[in-house]
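Student: Below is a structure I'd like to ask you about.
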Number of protein chains: 2
Amino acid sequence: MQPARRLYRRESEESRRTALISATQELVAEGGPEAATVRAIAERAGVTPGLIRHYFQSKDELSRAAYRALMDGMTAKGADAIEGVGAGPEERLAAFIAASLRPPVLDAGAVVLWAGYMHKVRSDPDLMAVHEASYLAYRDTLQKLIETLPRAVKPGQTRVEAIACNALIDGLWVEGSLLPGTFEPGEVITIGLSAVSAILGINLLDHTAMLPDFGKTTP
Amino acid sequence: MQPARRLYRRESEESRRTALISATQELVAEGGPEAATVRAIAERAGVTPGLIRHYFQSKDELSRAAYRALMDGMTAKGADAIEGVGAGPEERLAAFIAASLRPPVLDAGAVVLWAGYMHKVRSDPDLMAVHEASYLAYRDTLQKLIETLPRAVKPGQTRVEAIACNALIDGLWVEGSLLPGTFEPGEVITIGLSAVSAILGINLLDHTAMLPDFGKTTP
DNA sequence: CGCACGATTATACGCGCGTATAACAGTCGG
DNA sequence: CCGACTGTTATACGCGCGTATAATCGTGCG
């Protein structure tokens, strides 16, 4: 008895595309780029391999879409973090930083996924543009938040500060995700907040009351 | 006329191994992990594919060796940087940081190479140990340099500072390599030195006289 | 000097990849 | 209610991959 024909199920274009993109991201996050074959992606998404080429011109186009979705998702997470919180500039900055250093952003799968596309980012101008836009958007949000702080600043100072804070957060994001056992839970956030405080000459640790990670800690 | 047999050339085991490792690193740096096939590696190294399996049990073992060599090389570069310079703690720290934010360490190929192995680092305990050791060695060097600074510190303070500085340098390394056009030449070093200065409460920019990047700049 | 051994090359195998294409199955306007 | 349309599946093709193995070549030892 050979396997019966897969049952025919019709879905919207959007749900199929997102399913394929999610499947791709999951597989790359779990097993690196080489694990995301068209057959594995199709199986994960619950379709047959042929369907991929019905929604994407090639596997490469699906890969690009997956990278774009990753970057958009991460910047969206940051934007969400400064939506709800109180109006204080320090609170908003602290919330923004903390959101980047906590799951689901701080996640080994996300780092592996991000790293897996790195060489394509460098060789494909389209993906390079996505990366650059995403990086600059994040940095710009950071810079805008920094500029709202009640400080006297010299011209050009906030740009350099934003670059440094961005780099600091990126580095903590990578190492905190890859070596989770090396840090206490929440320690990455504390380190990030205090280092950014030092760079900017402020004190963010006094403005963490509304952060979910700081219920009653840091005596 | 079919191609003549490749001329038989005998080499030492060490030169063959390093040639194969270098070829692997170059190919991954240029085209990502998928570009480093046994055939491409062999051609780059000037041998035939079969020879790879004479010196390495499998392609995976060669990959691991290439990753180890990458990590060792980068930490060696840092150690070199603090060898020659004057005895001042600030000078040594500044030289160490600058060495990480300047070619050949600051290099897109190196970042792509590093990123290309990331998922293997996570899944292979052997590589994970290499990564962790390399990361902790770098951080430890940093921490030791920080501890020599003439400052009054609280217990546990330098560990957190070293983590933050390490993350900052890592982040600048990645973004500075991937988006070289976004920064002026040497700007990444300046930003790194000033941000580390802020984190540690010192001033490294006054101790850059012997750095090759600071001939007569930063007015 | 010759021969045994190790370094190196040559060839082949099987597998899984991305892709192309044809068959099939629901859906919807007439 | 039927035919055109399109989402979906099934099957096949060719290529390049990592690997295995046999043939070849140089070198050093007895």
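Just remember, in the structure tokens the first chain shown is A, the second B, etc., residues are 1-based per chain, and ligands are 1-based in the order shown.
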I'd like the neighbourhood of Leu51 (chain A) as a PDB file with N, CA, C and O atoms (P, O5', C5', C4', C3', O3' and C1' of nucleotides), in the first residue's frame, where a residue qualifies if any of its atoms comes within 9 Å (using only C-alpha atoms (C1' of nucleotides)), though same-chain residues fewer than 6 positions away should be ignored.
Tutor:
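Output below, filename result_2.pdb:
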ATOM      1  N   ALA A  42       8.697  22.688   2.808  1.00  0.00           N
ATOM      2  CA  ALA A  42       7.342  22.305   2.416  1.00  0.00           C
ATOM      3  C   ALA A  42       6.707  21.420   3.478  1.00  0.00           C
ATOM      4  O   ALA A  42       5.545  21.615   3.861  1.00  0.00           O
TER       5      ALA A  42
ATOM      6  P    DG D   7      -3.925  30.802  -7.760  1.00  0.00           P
ATOM      7  O5'  DG D   7      -3.852  29.840  -6.472  1.00  0.00           O
ATOM      8  C5'  DG D   7      -5.013  29.664  -5.702  1.00  0.00           C
ATOM      9  C4'  DG D   7      -5.102  28.237  -5.197  1.00  0.00           C
ATOM     10  C3'  DG D   7      -3.880  27.739  -4.426  1.00  0.00           C
ATOM     11  O3'  DG D   7      -4.351  26.946  -3.340  1.00  0.00           O
ATOM     12  C1'  DG D   7      -4.263  26.310  -6.259  1.00  0.00           C
ATOM     13  P    DT D   8      -3.288  26.486  -2.221  1.00  0.00           P
ATOM     14  O5'  DT D   8      -2.825  25.070  -2.770  1.00  0.00           O
ATOM     15  C5'  DT D   8      -3.727  23.978  -2.725  1.00  0.00           C
ATOM     16  C4'  DT D   8      -3.149  22.766  -3.404  1.00  0.00           C
ATOM     17  C3'  DT D   8      -1.764  22.310  -2.936  1.00  0.00           C
ATOM     18  O3'  DT D   8      -1.918  21.217  -2.046  1.00  0.00           O
ATOM     19  C1'  DT D   8      -2.098  22.000  -5.277  1.00  0.00           C
ATOM     20  P    DT D   9      -0.607  20.394  -1.546  1.00  0.00           P
ATOM     21  O5'  DT D   9      -0.526  19.257  -2.653  1.00  0.00           O
ATOM     22  C5'  DT D   9      -1.637  18.395  -2.887  1.00  0.00           C
ATOM     23  C4'  DT D   9      -1.318  17.399  -3.987  1.00  0.00           C
ATOM     24  C3'  DT D   9      -0.101  16.513  -3.734  1.00  0.00           C
ATOM     25  O3'  DT D   9      -0.456  15.160  -3.929  1.00  0.00           O
ATOM     26  C1'  DT D   9       0.072  17.533  -5.861  1.00  0.00           C
TER      27       DT D   9
END
Student: Could you list, as a ChimeraX atom specification, every residue within 12 Å of DA20 (chain C), counting only C-alpha atoms (C1' of nucleotides) and ignoring same-chain residues fewer than 6 positions away?
Tutor: /A:50,53-54,58 /D:11-14
Student: Taking only C-alpha atoms into account, which of B:Ala133, B:Val121, B:Leu172, B:Val47 comes nearest Asp72 (chain B)?
Tutor: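 Under the stated criterion, the closest residue is B:Ala133.
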Student: Taking only C-alpha atoms (C1' of nucleotides) into account, what are the residues of chain B at most 10 Å from chain C, put as a list in words?
Tutor: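 Output check: Arg5, Arg6, Leu7, Tyr8, Arg9, Arg10, Glu11, Ser12, Glu13, Val47, Thr48, Pro49, Gly50, Leu51 and His54 of chain B.
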Student: Give me, as a VMD selection string, all polymer residues having an atom no more than 8 Å from region 27-33 of chain B, counting only C-alpha atoms (C1' of nucleotides) and skipping those fewer than 4 positions away in the same chain.
Tutor: (chain A and resid 119 to 120 123) or (chain B and resid 23 40 to 41 108 to 113 116 to 117)
Student: Check every residue of chain B for an atom within 8 Å of chain A, counting only C-alpha atoms, and provide those that qualify as a ChimeraX atom specification.
Tutor: /B:29-32,34,112,115-116,118-120,122-123,132,160-161,163-172,175,178-179,191-192,195,198-199,201
